[in-house]
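Colleague: Quick one: structure below, then a few questions.
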Amino acid sequence: MRVMRRPGIADPEGTTTARALNDLGFTEVTGVHFGRDIVVDVEADDASAGHDRVVEMCEKLLANPVIEDYVVERIP
Amino acid sequence: MRVAVVVFPGSNCELDAVHALSLLGAEPELVFHRETDLSGADGIVLPGGFAHGDYLRTGAIARFSPVMAEVERHAANGTPVLGICNGFQILTEAGLLPGALVANRDLRFICRPVHVRVESTDSVLTRNAEVGSVLRIPLNSYEGNYVVDTPGLDELEASGGVVLRYSDRHGAVEPETNPNGSTRSIAGITNTSGNVAGLMPHPERAIEEILGSTDGRVLLESFVASMERAPT
């Protein structure tokens, strides 16, 4: 899954990197957003069941819903 | 008054907390994070450090340590619960306090004394302090930048949940007196009942002249006094 900082929540790393890109002449950059990719190996009956369990994992532990959004995708 | 000072793998301020609490007349007791019975505790302190290596997010894994069910039960019963630095991060991850702590605005670890202004005395952390007084206390953190969404912030402000703000030595709160970018310079908060509080600076490191400041005493004295009054 990919965990990203929710819009509107401070992302000092992204802000600093955007400023550096602007300074280097990439003036079209209006924002940089850092996230985190987490790969979980799961045994499941089918892709849908595995997906649902990983969503549960995100809700409970892997993402903090106060500050982060997440998307789950299957890597074949 | 017995205080359980919880030790997670990676905690490193627990002995400072024990020393400070003993000095102020409490009976602190170190409790390992696997403990599942804190029934004898009149208060609970989650000390600073790097619980579980700060892996995933600060406090994210500590929040599921076995002891946390007891911390939550005590918190719901009105027992004074205090989170200092990493302990504050754990309390937000556990949902016992609103918001979250993220990396400092300037992406630098901050280790120096800062000034904080007391905003409210309706908490176990500030009961004996005076609103508007300014305390000089060490800050020692990389993820000390307090964030909360707008509805959460409004609720926090409206309920008097902000107990400490970063300021200058005279108590002025300005963008330039904000060391880490925290929303509205928030340094410490409490829950709506006032029995659970968290702060990023370290009051336990400002309790004796030899440490350079005794301004942390009033905060920990408040906590000890709160235990005397709280239901057990």
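Going by the structure tokens order, chains are called A, B, ..., each with residues numbered from 1, while ligands are numbered from 1 in the order shown.
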Just the residues within 9 Å of stretch 39-41 of chain A, please, counting only C-alpha atoms, with nothing from its chain fewer than 5 positions along; format it as a PyMOL selection string.

Modeller: chain A and resi 1-2+54+75

Colleague: When you look at B:Phe32 with a cut-off of 8 Å (counting only C-alpha atoms), what residues show up, excluding the ones that are within fewer than 2 positions of it in the same chain? I need them as a list in words.

Modeller: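 Here the answer would be Val6, Val7, Phe8, Leu30, Arg34, Glu35 and Val67 of chain B.
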
Colleague: Please return, as a list in words, all residues of chain B lying within 9 Å of chain A when only C-alpha atoms are considered.

Modeller: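 Matching residues, ligands excluded from the count: Leu56, Arg57, Ala60, Ile61, Phe64, Glu93, Pro98, Gly99, Ala100, Val102, Ala103, Asn104, Arg105, Asp106, Leu107, Asn145, Val147, Val148, Asp149, Gly181 and Thr183 of chain B.
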
Colleague: In Å, with one decimal, what is the gap from atom CA of B:Pro9 to atom CA of B:Ile90?

Modeller: 13.1 Å

Colleague: Hey, which of A:Asp37, A:Pro76, A:Tyr70, A:Asp45 ends up closest to A:Met4? Count only C-alpha atoms.

Modeller: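 Looking at the shortest contact to A:Met4, the residue is A:Tyr70.
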
Colleague: Taking the DSSP secondary structure from the backbone, can you list the residues of stretch 14-64 of chain A that are helix (DSSP H, G or I), as a VMD selection string?

Modeller: chain A and resid 14 to 23 47 to 62

Colleague: So the first atom is atom CA of A:His51 and the second is atom CA of A:Asp69; what is the distance between them in Å, to one decimal place?

Modeller: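 Spanning atom CA of A:His51 to atom CA of A:Asp69 is a straight-line distance of 16.0 Å.
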
Colleague: Could you list, as a list of chain:residue names, every residue within 9 Å of B:Leu82, counting only C-alpha atoms and ignoring same-chain residues fewer than 2 positions away?

Modeller: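 Close residues of B:Leu82: B:Gly43, B:Ile44, B:Val45, B:Leu46, B:Pro47, B:Pro80, B:Ile84, B:Gly87, B:Phe88, B:Leu91, B:Val124, B:Leu125, B:Asn195, B:Val196, B:Ala197, B:Gly198, B:Leu199, B:Phe223.
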
Colleague: Using C-alpha atoms, can you write the selected residues to a file as a tab-separated table (two decimals), in the first residue's frame?

Modeller:
chain	number	residue	atom	x	y	z
B	43	GLY	CA	-1.20	7.87	38.12
B	44	ILE	CA	0.60	6.81	34.94
B	45	VAL	CA	3.52	8.45	33.14
B	46	LEU	CA	4.60	7.51	29.62
B	47	PRO	CA	8.19	8.81	29.46
B	80	PRO	CA	-4.10	11.17	35.83
B	84	ILE	CA	6.14	13.38	27.93
B	87	GLY	CA	4.85	9.46	25.64
B	88	PHE	CA	2.81	12.32	24.14
B	91	LEU	CA	-1.07	9.03	23.59
B	124	VAL	CA	-3.41	17.42	35.58
B	125	LEU	CA	-0.31	19.06	34.11
B	195	ASN	CA	-6.98	13.93	33.28
B	196	VAL	CA	-4.89	12.94	30.26
B	197	ALA	CA	-2.19	15.38	29.20
B	198	GLY	CA	0.80	15.36	26.86
B	199	LEU	CA	3.62	17.75	26.09
B	223	PHE	CA	0.46	15.99	38.28

Colleague: How many Å lie between atom CA of B:Tyr146 and atom CA of B:Ala187, rounded to one decimal?

Modeller: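 Between atom CA of B:Tyr146 and atom CA of B:Ala187 the gap works out to 7.6 Å.
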
Colleague: Tell me which protein, DNA and RNA residues are within 12 Å of A:Asp52, counting only C-alpha atoms, leaving out same-chain ones fewer than 4 positions away, and put them as a PDB file with C-alpha atoms, in the first residue's frame.

Modeller:
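The result, stored in out-v2.pdb:
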ATOM      1  CA  VAL A  42      -0.315 -12.081   2.629  1.00  0.00           C
ATOM      2  CA  ALA A  44      -5.464 -15.249   1.243  1.00  0.00           C
ATOM      3  CA  ASP A  45      -8.105 -17.276  -0.579  1.00  0.00           C
ATOM      4  CA  ASP A  46      -8.419 -14.676  -3.305  1.00  0.00           C
ATOM      5  CA  ALA A  47      -7.310 -11.156  -4.184  1.00  0.00           C
ATOM      6  CA  SER A  48     -10.443  -9.548  -2.812  1.00  0.00           C
ATOM      7  CA  GLU A  56      -7.971  -3.475   7.934  1.00  0.00           C
ATOM      8  CA  MET A  57      -4.227  -3.416   8.602  1.00  0.00           C
ATOM      9  CA  CYS A  58      -4.034   0.133   7.257  1.00  0.00           C
ATOM     10  CA  GLU A  59      -6.921   1.302   9.396  1.00  0.00           C
ATOM     11  CA  VAL A  71      -4.256   3.267  -1.282  1.00  0.00           C
ATOM     12  CA  VAL A  72      -3.957  -0.498  -1.502  1.00  0.00           C
ATOM     13  CA  GLU A  73      -2.962  -2.305  -4.657  1.00  0.00           C
ATOM     14  CA  ARG A  74      -1.977  -5.855  -5.461  1.00  0.00           C
TER      15      ARG A  74
END

Colleague: Apply DSSP to the structure's backbone, then extract all residues of stretch 32-154 of chain B labelled strand (DSSP E) and return them as a VMD selection string.

Modeller: chain B and resid 32 43 to 46 81 to 84 100 to 102 110 to 118 134 to 141 145 to 147
